[in-house]
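Structure file protein-v1.cif (mmCIF, C-alpha atoms and all ligand atoms; chains and numbers go by the auth columns) follows.
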data_upload
loop_
_atom_site.group_PDB
_atom_site.id
_atom_site.type_symbol
_atom_site.label_atom_id
_atom_site.label_comp_id
_atom_site.label_asym_id
_atom_site.label_seq_id
_atom_site.Cartn_x
_atom_site.Cartn_y
_atom_site.Cartn_z
_atom_site.B_iso_or_equiv
_atom_site.auth_seq_id
_atom_site.auth_asym_id
ATOM 1 C CA MET A 1 155.474 64.033 104.100 0.00 1 A
ATOM 2 C CA GLU A 2 152.744 65.866 102.246 0.00 2 A
ATOM 3 C CA HIS A 3 149.765 66.939 104.321 0.00 3 A
ATOM 4 C CA SER A 4 147.616 64.690 102.110 0.00 4 A
ATOM 5 C CA PHE A 5 149.589 61.672 103.353 0.00 5 A
ATOM 6 C CA TRP A 6 148.483 62.313 106.950 0.00 6 A
ATOM 7 C CA HIS A 7 144.940 63.327 106.041 0.00 7 A
ATOM 8 C CA SER A 8 144.511 60.054 104.186 0.00 8 A
ATOM 9 C CA LYS A 9 145.954 58.080 107.124 0.00 9 A
ATOM 10 C CA TRP A 10 143.304 59.567 109.412 0.00 10 A
ATOM 11 C CA GLN A 11 140.535 59.240 106.824 0.00 11 A
ATOM 12 C CA ASN A 12 141.323 55.541 106.339 0.00 12 A
ATOM 13 C CA ASN A 13 141.958 54.928 110.036 0.00 13 A
ATOM 14 C CA GLU A 14 145.498 53.718 109.272 0.00 14 A
ATOM 15 C CA ILE A 15 146.834 54.926 112.590 0.00 15 A
ATOM 16 C CA GLY A 16 149.191 52.182 113.715 0.00 16 A
ATOM 17 C CA PHE A 17 151.215 54.853 115.545 0.00 17 A
ATOM 18 C CA HIS A 18 148.346 55.469 117.978 0.00 18 A
ATOM 19 C CA GLU A 19 148.838 53.724 121.305 0.00 19 A
ATOM 20 C CA PRO A 20 145.453 52.769 122.807 0.00 20 A
ATOM 21 C CA LYS A 21 146.959 52.590 126.283 0.00 21 A
ATOM 22 C CA GLY A 22 149.250 55.594 125.994 0.00 22 A
ATOM 23 C CA ASN A 23 153.009 55.576 126.228 0.00 23 A
ATOM 24 C CA ALA A 24 154.660 53.809 129.169 0.00 24 A
ATOM 25 C CA LEU A 25 157.861 55.832 128.719 0.00 25 A
ATOM 26 C CA LEU A 26 155.983 59.070 129.398 0.00 26 A
ATOM 27 C CA VAL A 27 154.672 57.610 132.646 0.00 27 A
ATOM 28 C CA LYS A 28 158.184 56.453 133.532 0.00 28 A
ATOM 29 C CA TYR A 29 159.890 59.772 132.833 0.00 29 A
ATOM 30 C CA ALA A 30 157.134 62.326 133.430 0.00 30 A
ATOM 31 C CA ASP A 31 158.685 63.419 136.708 0.00 31 A
ATOM 32 C CA THR A 32 161.706 64.555 134.697 0.00 32 A
ATOM 33 C CA LEU A 33 159.446 66.880 132.745 0.00 33 A
ATOM 34 C CA LEU A 34 156.694 67.617 135.257 0.00 34 A
ATOM 35 C CA GLY A 35 157.992 67.024 138.727 0.00 35 A
ATOM 36 C CA CYS A 36 155.037 64.639 139.306 0.00 36 A
ATOM 37 C CA ASP A 37 156.380 63.479 142.638 0.00 37 A
ATOM 38 C CA SER A 38 155.742 66.895 144.072 0.00 38 A
ATOM 39 C CA ASP A 39 152.572 68.874 143.423 0.00 39 A
ATOM 40 C CA LEU A 40 154.210 70.813 140.666 0.00 40 A
ATOM 41 C CA ALA A 41 152.320 69.393 137.704 0.00 41 A
ATOM 42 C CA SER A 42 149.589 72.033 137.872 0.00 42 A
ATOM 43 C CA GLU A 43 152.215 74.695 137.261 0.00 43 A
ATOM 44 C CA HIS A 44 153.033 73.121 133.925 0.00 44 A
ATOM 45 C CA ARG A 45 151.709 73.842 130.472 0.00 45 A
ATOM 46 C CA ILE A 46 152.985 71.148 128.138 0.00 46 A
ATOM 47 C CA PHE A 47 153.142 71.513 124.364 0.00 47 A
ATOM 48 C CA VAL A 48 152.471 68.307 122.417 0.00 48 A
ATOM 49 C CA PRO A 49 153.513 68.805 118.780 0.00 49 A
ATOM 50 C CA LEU A 50 151.910 66.637 116.069 0.00 50 A
ATOM 51 C CA CYS A 51 149.703 65.261 118.807 0.00 51 A
ATOM 52 C CA GLY A 52 147.252 63.061 116.893 0.00 52 A
ATOM 53 C CA LYS A 53 144.726 61.795 119.433 0.00 53 A
ATOM 54 C CA THR A 54 147.328 60.485 121.822 0.00 54 A
ATOM 55 C CA ARG A 55 146.074 59.133 125.139 0.00 55 A
ATOM 56 C CA ASP A 56 149.111 60.803 126.680 0.00 56 A
ATOM 57 C CA ILE A 57 147.213 64.078 126.598 0.00 57 A
ATOM 58 C CA GLY A 58 144.546 62.658 128.906 0.00 58 A
ATOM 59 C CA TRP A 59 147.265 61.302 131.161 0.00 59 A
ATOM 60 C CA LEU A 60 149.050 64.676 131.381 0.00 60 A
ATOM 61 C CA LEU A 61 145.722 66.377 132.148 0.00 61 A
ATOM 62 C CA SER A 62 145.028 63.792 134.856 0.00 62 A
ATOM 63 C CA LYS A 63 148.315 64.806 136.493 0.00 63 A
ATOM 64 C CA GLY A 64 147.078 68.383 136.677 0.00 64 A
ATOM 65 C CA ALA A 65 149.113 69.818 133.811 0.00 65 A
ATOM 66 C CA SER A 66 147.621 72.046 131.135 0.00 66 A
ATOM 67 C CA VAL A 67 148.169 70.826 127.598 0.00 67 A
ATOM 68 C CA VAL A 68 148.429 72.625 124.287 0.00 68 A
ATOM 69 C CA GLY A 69 148.723 70.590 121.106 0.00 69 A
ATOM 70 C CA ALA A 70 149.156 71.043 117.373 0.00 70 A
ATOM 71 C CA GLU A 71 147.623 68.593 114.915 0.00 71 A
ATOM 72 C CA LEU A 72 147.017 68.767 111.174 0.00 72 A
ATOM 73 C CA SER A 73 143.976 66.497 111.064 0.00 73 A
ATOM 74 C CA GLU A 74 140.668 67.778 112.371 0.00 74 A
ATOM 75 C CA THR A 75 139.424 64.165 112.376 0.00 75 A
ATOM 76 C CA ALA A 76 142.153 63.311 114.893 0.00 76 A
ATOM 77 C CA VAL A 77 141.229 66.282 117.066 0.00 77 A
ATOM 78 C CA GLN A 78 137.518 65.420 116.989 0.00 78 A
ATOM 79 C CA GLN A 79 138.342 61.852 118.035 0.00 79 A
ATOM 80 C CA LEU A 80 140.660 63.120 120.777 0.00 80 A
ATOM 81 C CA PHE A 81 137.874 65.125 122.412 0.00 81 A
ATOM 82 C CA GLU A 82 135.305 62.338 121.883 0.00 82 A
ATOM 83 C CA GLU A 83 137.594 59.811 123.559 0.00 83 A
ATOM 84 C CA LEU A 84 138.235 62.201 126.436 0.00 84 A
ATOM 85 C CA GLY A 85 134.462 62.491 126.801 0.00 85 A
ATOM 86 C CA GLU A 86 134.651 66.245 126.381 0.00 86 A
ATOM 87 C CA THR A 87 132.692 68.615 124.158 0.00 87 A
ATOM 88 C CA PRO A 88 135.145 71.220 122.884 0.00 88 A
ATOM 89 C CA GLU A 89 134.588 74.882 122.263 0.00 89 A
ATOM 90 C CA ILE A 90 135.640 75.505 118.667 0.00 90 A
ATOM 91 C CA SER A 91 136.880 78.882 117.510 0.00 91 A
ATOM 92 C CA SER A 92 138.157 80.038 114.154 0.00 92 A
ATOM 93 C CA THR A 93 141.309 82.119 114.008 0.00 93 A
ATOM 94 C CA SER A 94 143.533 83.390 111.206 0.00 94 A
ATOM 95 C CA LYS A 95 145.667 80.276 111.865 0.00 95 A
ATOM 96 C CA GLY A 96 142.763 77.832 111.593 0.00 96 A
ATOM 97 C CA LYS A 97 140.451 76.215 114.117 0.00 97 A
ATOM 98 C CA VAL A 98 141.214 75.943 117.801 0.00 98 A
ATOM 99 C CA TYR A 99 139.526 73.265 119.921 0.00 99 A
ATOM 100 C CA SER A 100 139.581 73.853 123.628 0.00 100 A
ATOM 101 C CA LYS A 101 138.057 72.655 126.864 0.00 101 A
ATOM 102 C CA GLY A 102 139.281 73.459 130.339 0.00 102 A
ATOM 103 C CA GLU A 103 143.039 72.990 130.489 0.00 103 A
ATOM 104 C CA LEU A 104 143.289 71.570 126.952 0.00 104 A
ATOM 105 C CA THR A 105 143.833 73.594 123.766 0.00 105 A
ATOM 106 C CA ILE A 106 144.511 72.076 120.352 0.00 106 A
ATOM 107 C CA PHE A 107 145.468 74.063 117.259 0.00 107 A
ATOM 108 C CA VAL A 108 144.204 72.351 114.116 0.00 108 A
ATOM 109 C CA GLY A 109 146.501 72.830 111.124 0.00 109 A
ATOM 110 C CA ASP A 110 150.126 73.046 110.131 0.00 110 A
ATOM 111 C CA ILE A 111 152.470 73.467 113.097 0.00 111 A
ATOM 112 C CA PHE A 112 154.713 75.633 110.926 0.00 112 A
ATOM 113 C CA ALA A 113 151.964 78.247 110.705 0.00 113 A
ATOM 114 C CA LEU A 114 151.940 78.751 114.493 0.00 114 A
ATOM 115 C CA THR A 115 153.925 81.337 116.425 0.00 115 A
ATOM 116 C CA ALA A 116 154.996 81.549 120.050 0.00 116 A
ATOM 117 C CA GLN A 117 152.335 84.219 120.505 0.00 117 A
ATOM 118 C CA ASP A 118 149.642 81.832 119.242 0.00 118 A
ATOM 119 C CA ILE A 119 150.429 79.029 121.667 0.00 119 A
ATOM 120 C CA GLY A 120 151.377 81.178 124.655 0.00 120 A
ATOM 121 C CA LEU A 121 153.812 80.303 127.406 0.00 121 A
ATOM 122 C CA VAL A 122 154.707 76.619 127.726 0.00 122 A
ATOM 123 C CA THR A 123 156.898 75.030 130.359 0.00 123 A
ATOM 124 C CA GLY A 124 157.758 71.837 128.524 0.00 124 A
ATOM 125 C CA VAL A 125 157.460 69.857 125.304 0.00 125 A
ATOM 126 C CA TYR A 126 156.443 66.214 124.972 0.00 126 A
ATOM 127 C CA ASP A 127 157.561 64.881 121.586 0.00 127 A
ATOM 128 C CA ARG A 128 156.481 61.300 120.951 0.00 128 A
ATOM 129 C CA ALA A 129 156.254 60.222 117.313 0.00 129 A
ATOM 130 C CA ALA A 130 156.545 63.837 116.136 0.00 130 A
ATOM 131 C CA LEU A 131 160.237 64.292 115.283 0.00 131 A
ATOM 132 C CA VAL A 132 160.331 60.707 113.955 0.00 132 A
ATOM 133 C CA ALA A 133 157.265 61.380 111.799 0.00 133 A
ATOM 134 C CA LEU A 134 159.201 63.910 109.744 0.00 134 A
ATOM 135 C CA PRO A 135 161.603 63.077 106.926 0.00 135 A
ATOM 136 C CA ASP A 136 165.226 64.099 107.127 0.00 136 A
ATOM 137 C CA GLY A 137 164.746 67.252 105.063 0.00 137 A
ATOM 138 C CA LEU A 138 162.073 68.680 107.403 0.00 138 A
ATOM 139 C CA ARG A 139 163.641 67.878 110.759 0.00 139 A
ATOM 140 C CA GLU A 140 165.924 70.897 110.981 0.00 140 A
ATOM 141 C CA LYS A 141 163.066 73.238 110.089 0.00 141 A
ATOM 142 C CA TYR A 142 160.918 71.500 112.733 0.00 142 A
ATOM 143 C CA SER A 143 163.507 71.612 115.519 0.00 143 A
ATOM 144 C CA THR A 144 164.324 75.277 114.866 0.00 144 A
ATOM 145 C CA HIS A 145 160.629 76.118 114.776 0.00 145 A
ATOM 146 C CA LEU A 146 159.922 74.177 117.966 0.00 146 A
ATOM 147 C CA VAL A 147 162.695 76.015 119.821 0.00 147 A
ATOM 148 C CA SER A 148 161.298 79.387 118.814 0.00 148 A
ATOM 149 C CA LEU A 149 157.658 78.345 119.328 0.00 149 A
ATOM 150 C CA THR A 150 158.292 77.229 122.910 0.00 150 A
ATOM 151 C CA ASN A 151 161.023 79.707 123.821 0.00 151 A
ATOM 152 C CA ASN A 152 163.477 76.854 124.246 0.00 152 A
ATOM 153 C CA ALA A 153 161.330 74.984 126.783 0.00 153 A
ATOM 154 C CA PRO A 154 162.662 71.676 128.175 0.00 154 A
ATOM 155 C CA GLN A 155 161.684 68.626 126.163 0.00 155 A
ATOM 156 C CA LEU A 156 161.059 64.932 126.620 0.00 156 A
ATOM 157 C CA VAL A 157 161.698 63.335 123.221 0.00 157 A
ATOM 158 C CA ILE A 158 160.912 59.709 122.448 0.00 158 A
ATOM 159 C CA SER A 159 162.405 58.377 119.228 0.00 159 A
ATOM 160 C CA PHE A 160 163.154 55.129 117.437 0.00 160 A
ATOM 161 C CA GLU A 161 166.496 53.948 116.171 0.00 161 A
ATOM 162 C CA TYR A 162 166.635 51.222 113.546 0.00 162 A
ATOM 163 C CA ASP A 163 168.299 50.302 110.280 0.00 163 A
ATOM 164 C CA GLN A 164 166.702 52.751 107.856 0.00 164 A
ATOM 165 C CA SER A 165 167.810 50.639 104.873 0.00 165 A
ATOM 166 C CA VAL A 166 165.417 47.860 105.954 0.00 166 A
ATOM 167 C CA MET A 167 162.294 49.999 106.134 0.00 167 A
ATOM 168 C CA THR A 168 161.318 53.437 104.910 0.00 168 A
ATOM 169 C CA GLY A 169 159.542 55.699 107.362 0.00 169 A
ATOM 170 C CA PRO A 170 157.531 57.108 108.840 0.00 170 A
ATOM 171 C CA PRO A 171 158.452 56.576 111.567 0.00 171 A
ATOM 172 C CA PHE A 172 162.008 57.442 110.615 0.00 172 A
ATOM 173 C CA SER A 173 165.083 56.428 112.555 0.00 173 A
ATOM 174 C CA VAL A 174 166.300 59.329 114.710 0.00 174 A
ATOM 175 C CA ASP A 175 169.473 58.430 116.571 0.00 175 A
ATOM 176 C CA GLU A 176 171.560 60.196 119.203 0.00 176 A
ATOM 177 C CA ASN A 177 173.723 61.936 116.609 0.00 177 A
ATOM 178 C CA THR A 178 170.700 63.350 114.849 0.00 178 A
ATOM 179 C CA VAL A 179 169.172 64.651 118.086 0.00 179 A
ATOM 180 C CA SER A 180 172.523 66.191 118.957 0.00 180 A
ATOM 181 C CA THR A 181 172.872 67.843 115.539 0.00 181 A
ATOM 182 C CA LEU A 182 169.377 69.279 115.768 0.00 182 A
ATOM 183 C CA TYR A 183 169.338 70.425 119.359 0.00 183 A
ATOM 184 C CA SER A 184 172.815 70.707 120.921 0.00 184 A
ATOM 185 C CA GLN A 185 173.044 74.445 120.162 0.00 185 A
ATOM 186 C CA ASN A 186 170.056 75.110 122.387 0.00 186 A
ATOM 187 C CA TYR A 187 169.981 72.241 124.851 0.00 187 A
ATOM 188 C CA HIS A 188 171.983 69.973 127.112 0.00 188 A
ATOM 189 C CA ILE A 189 170.902 66.542 125.934 0.00 189 A
ATOM 190 C CA SER A 190 170.658 63.487 128.205 0.00 190 A
ATOM 191 C CA LEU A 191 169.812 60.046 126.907 0.00 191 A
ATOM 192 C CA LEU A 192 167.556 58.711 129.689 0.00 192 A
ATOM 193 C CA GLU A 193 166.938 55.311 128.169 0.00 193 A
ATOM 194 C CA ARG A 194 167.695 53.029 125.280 0.00 194 A
ATOM 195 C CA SER A 195 165.549 49.898 125.270 0.00 195 A
ATOM 196 C CA THR A 196 164.473 47.276 122.787 0.00 196 A
ATOM 197 C CA LEU A 197 161.123 47.841 121.152 0.00 197 A
ATOM 198 C CA GLU A 198 159.285 44.575 121.780 0.00 198 A
ATOM 199 C CA GLY A 199 158.360 42.891 118.510 0.00 199 A
ATOM 200 C CA GLY A 200 160.323 45.437 116.467 0.00 200 A
ATOM 201 C CA LEU A 201 158.883 48.245 114.406 0.00 201 A
ATOM 202 C CA LYS A 202 155.802 47.200 112.433 0.00 202 A
ATOM 203 C CA ARG A 203 157.143 43.673 112.963 0.00 203 A
ATOM 204 C CA LYS A 204 159.554 44.405 110.100 0.00 204 A
ATOM 205 C CA VAL A 205 162.751 45.615 111.732 0.00 205 A
ATOM 206 C CA ALA A 206 164.462 45.432 115.118 0.00 206 A
ATOM 207 C CA ALA A 207 164.380 48.828 116.800 0.00 207 A
ATOM 208 C CA ASP A 208 165.311 50.618 119.981 0.00 208 A
ATOM 209 C CA ASN A 209 163.272 53.164 121.887 0.00 209 A
ATOM 210 C CA LEU A 210 165.342 56.192 122.821 0.00 210 A
ATOM 211 C CA VAL A 211 164.230 58.696 125.444 0.00 211 A
ATOM 212 C CA PHE A 212 165.956 62.081 125.636 0.00 212 A
ATOM 213 C CA HIS A 213 165.688 64.902 128.121 0.00 213 A
ATOM 214 C CA LEU A 214 166.557 68.264 126.616 0.00 214 A
ATOM 215 C CA GLN A 215 167.360 71.012 129.084 0.00 215 A
ATOM 216 C CA PRO A 216 167.851 74.601 127.925 0.00 216 A
ATOM 217 C CA ALA A 217 171.513 75.444 127.524 0.00 217 A
ATOM 218 C CA THR A 218 170.962 79.091 128.400 0.00 218 A
HETATM 219 C C1 LIG B . 153.041 59.592 113.763 0.00 301 A
HETATM 220 S S1 LIG B . 151.657 60.561 114.203 0.00 301 A
HETATM 221 C C2 LIG B . 151.947 60.768 115.948 0.00 301 A
HETATM 222 C C3 LIG B . 150.770 61.266 116.715 0.00 301 A
HETATM 223 C C4 LIG B . 150.995 61.362 118.237 0.00 301 A
HETATM 224 N N1 LIG B . 152.161 62.127 118.577 0.00 301 A
HETATM 225 C C5 LIG B . 151.048 59.985 118.867 0.00 301 A
HETATM 226 O O1 LIG B . 152.032 59.692 119.574 0.00 301 A
HETATM 227 O O2 LIG B . 150.101 59.198 118.675 0.00 301 A
HETATM 228 C C6 LIG B . 152.105 62.138 113.534 0.00 301 A
HETATM 229 C C7 LIG B . 150.959 63.140 113.558 0.00 301 A
HETATM 230 O O3 LIG B . 151.424 64.400 113.105 0.00 301 A
HETATM 231 C C8 LIG B . 150.421 65.020 112.351 0.00 301 A
HETATM 232 N N2 LIG B . 151.123 65.982 111.483 0.00 301 A
HETATM 233 C C9 LIG B . 151.927 65.697 110.444 0.00 301 A
HETATM 234 N N3 LIG B . 152.433 66.814 109.904 0.00 301 A
HETATM 235 C C10 LIG B . 151.954 67.845 110.652 0.00 301 A
HETATM 236 C C11 LIG B . 152.117 69.254 110.592 0.00 301 A
HETATM 237 N N4 LIG B . 152.886 69.832 109.662 0.00 301 A
HETATM 238 N N5 LIG B . 151.487 70.019 111.504 0.00 301 A
HETATM 239 C C12 LIG B . 150.705 69.439 112.466 0.00 301 A
HETATM 240 N N6 LIG B . 150.510 68.107 112.562 0.00 301 A
HETATM 241 C C13 LIG B . 151.110 67.322 111.662 0.00 301 A
HETATM 242 C C14 LIG B . 149.728 63.878 111.632 0.00 301 A
HETATM 243 O O4 LIG B . 148.419 64.179 111.213 0.00 301 A
HETATM 244 C C15 LIG B . 149.777 62.768 112.675 0.00 301 A
HETATM 245 O O5 LIG B . 148.614 62.758 113.453 0.00 301 A
#
Represent the structure of the file as structure tokens.
Amino acid sequence: MEHSFWHSKWQNNEIGFHEPKGNALLVKYADTLLGCDSDLASEHRIFVPLCGKTRDIGWLLSKGASVVGAELSETAVQQLFEELGETPEISSTSKGKVYSKGELTIFVGDIFALTAQDIGLVTGVYDRAALVALPDGLREKYSTHLVSLTNNAPQLVISFEYDQSVMTGPPFSVDENTVSTLYSQNYHISLLERSTLEGGLKRKVAADNLVFHLQPAT
């Protein structure tokens, strides 16, 4: 998608992808990524690509993890901090603006402009509605970039699978084969869950939620 597509979505508040209550599958599988059952969460720094203003960031912070995100739309980032009730410190870098407060840092701009040095060490990646937001032609570039950006950090990936001929994305259908093609060189991939998305996708097409755990192969 063109950047203008997403900017206009945020400008017009057409953000049907945003979950006001956060994502239940993150809560269900966070211990896989964070070790929430022990007191390990505070040792984690989780990267949230294409983060929007997801409530999941607040949830991860509440578990004691640090969070670093990347988001194209400054409107989204402003709303994220407002809804968290936090006033960010805003700095300008050669890569664009960076909003931060406490354990939260968000890079505003194109994720493809960021380097591993920019984001620093991360211990995990939470990808919900990021991989599926990208069209087929961009996914390989994204997955390769994400691996290098995060030094092959473990990932929790939540995707949708549905009949792409019934509806055009985004979100796009990203099935097990696609995840395997994109990531099997770098990760052992486990499908943690396949479940029916209640009400279908946009009430137009039946869809499954897929949850993957990607563990570094090396
Ligand atoms: C489908 S939304 C998902 C947002 C969030 N992950 C969630 O679960 O609510 C995709 C987001 O990616 C952002 N985005 C799209 N392309 C991007 C890019 N190249 N770099 C950074 N963010 C991007 C959009 O502005 C949008 O907020």
Quick one: axis-aligned box around all listed atoms of ligand LIG 301 (chain A), 3 Å on every side, centre and edge lengths in Å to one decimal, written as JSON.
{"center_x": 150.7, "center_y": 64.6, "center_z": 114.6, "size_x": 10.6, "size_y": 16.8, "size_z": 15.9}
TODO: Evaluate the PyMOL selection byres (((not hetatm)) within 7 of (chain A and resi 301)) here and jot the selected residues down as a list in words.
DONE: His3, Trp6, His7, Phe17, His18, Glu19, Pro49, Leu50, Cys51, Gly52, Lys53, Thr54, Ala70, Glu71, Leu72, Ser73, Ala76, Gly109, Asp110, Ile111, Phe112, Asp127, Arg128, Ala129, Ala130, Ala133 and Pro171 of chain A
Taking (172.6, 65.1, 128.7) in the file's coordinates as the center, which residues reach within 8 Å of it, counting only C-alpha atoms, put as a ChimeraX atom specification?
/A:188-191,212-215
Here's a test: counting all atoms listed in the file, identify every protein, DNA and RNA residue with an atom at most 10 Å from (173.1, 76.0, 130.3) in the file's coordinate frame, and state them as a PyMOL selection string.
chain A and resi 186-188+215-218
- Hits of the PyMOL selection byres (((chain A and resi 65) around 8) and not hetatm) in this structure, as an MDAnalysis selection string: chainID A and resid 41:46 60:64 66:67 103
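Within the 8 Å cut-off around Leu131 in chain A, using all atoms listed in the file and omitting residues fewer than 6 positions from it on the same chain, the listed residues are Arg139, Tyr142, Ser159 and Val174 of chain A.
Minimum distance to Val68 in chain A across A:Glu2, A:Asp31, A:Asp118, A:Glu140 (counting all atoms listed in the file) occurs at A:Asp118.
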**Q.** Selected residue of minimal separation from Asp56 in chain A among A:Asn23, A:Gln78, A:Gln117, A:Thr144, counting all atoms listed in the file
**A.**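 Closest to Asp56 in chain A of all the choices is A:Asn23.
Using the PyMOL selection byres (((chain A and resi 32) around 12) and not hetatm) on this structure selects Leu25, Leu26, Val27, Lys28, Tyr29, Ala30, Asp31, Leu33, Leu34, Gly35, Cys36, Asp37, Ser38, Leu40, Ala41, Gly124, Val125, Tyr126, Pro154, Gln155, Leu156, Val157, Ser190, Leu192, Val211, Phe212, His213, Leu214 and Gln215 of chain A.
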Resulting file, chosen residues, C-alpha atoms, as a PDB file, in the coordinates of the input:
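Dumped to result-v4.pdb:
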ATOM      1  CA  LEU A  25     157.861  55.832 128.719  1.00  0.00           C
ATOM      2  CA  LEU A  26     155.983  59.070 129.398  1.00  0.00           C
ATOM      3  CA  VAL A  27     154.672  57.610 132.646  1.00  0.00           C
ATOM      4  CA  LYS A  28     158.184  56.453 133.532  1.00  0.00           C
ATOM      5  CA  TYR A  29     159.890  59.772 132.833  1.00  0.00           C
ATOM      6  CA  ALA A  30     157.134  62.326 133.430  1.00  0.00           C
ATOM      7  CA  ASP A  31     158.685  63.419 136.708  1.00  0.00           C
ATOM      8  CA  LEU A  33     159.446  66.880 132.745  1.00  0.00           C
ATOM      9  CA  LEU A  34     156.694  67.617 135.257  1.00  0.00           C
ATOM     10  CA  GLY A  35     157.992  67.024 138.727  1.00  0.00           C
ATOM     11  CA  CYS A  36     155.037  64.639 139.306  1.00  0.00           C
ATOM     12  CA  ASP A  37     156.380  63.479 142.638  1.00  0.00           C
ATOM     13  CA  SER A  38     155.742  66.895 144.072  1.00  0.00           C
ATOM     14  CA  LEU A  40     154.210  70.813 140.666  1.00  0.00           C
ATOM     15  CA  ALA A  41     152.320  69.393 137.704  1.00  0.00           C
ATOM     16  CA  GLY A 124     157.758  71.837 128.524  1.00  0.00           C
ATOM     17  CA  VAL A 125     157.460  69.857 125.304  1.00  0.00           C
ATOM     18  CA  TYR A 126     156.443  66.214 124.972  1.00  0.00           C
ATOM     19  CA  PRO A 154     162.662  71.676 128.175  1.00  0.00           C
ATOM     20  CA  GLN A 155     161.684  68.626 126.163  1.00  0.00           C
ATOM     21  CA  LEU A 156     161.059  64.932 126.620  1.00  0.00           C
ATOM     22  CA  VAL A 157     161.698  63.335 123.221  1.00  0.00           C
ATOM     23  CA  SER A 190     170.658  63.487 128.205  1.00  0.00           C
ATOM     24  CA  LEU A 192     167.556  58.711 129.689  1.00  0.00           C
ATOM     25  CA  VAL A 211     164.230  58.696 125.444  1.00  0.00           C
ATOM     26  CA  PHE A 212     165.956  62.081 125.636  1.00  0.00           C
ATOM     27  CA  HIS A 213     165.688  64.902 128.121  1.00  0.00           C
ATOM     28  CA  LEU A 214     166.557  68.264 126.616  1.00  0.00           C
ATOM     29  CA  GLN A 215     167.360  71.012 129.084  1.00  0.00           C
TER      30      GLN A 215
END
A straight line from CA of Ile158 in chain A to CA of Glu82 in chain A spans 25.7 Å
re CA of Val147 in chain A and CA of Asp163 in chain A: distance 28.0 Å
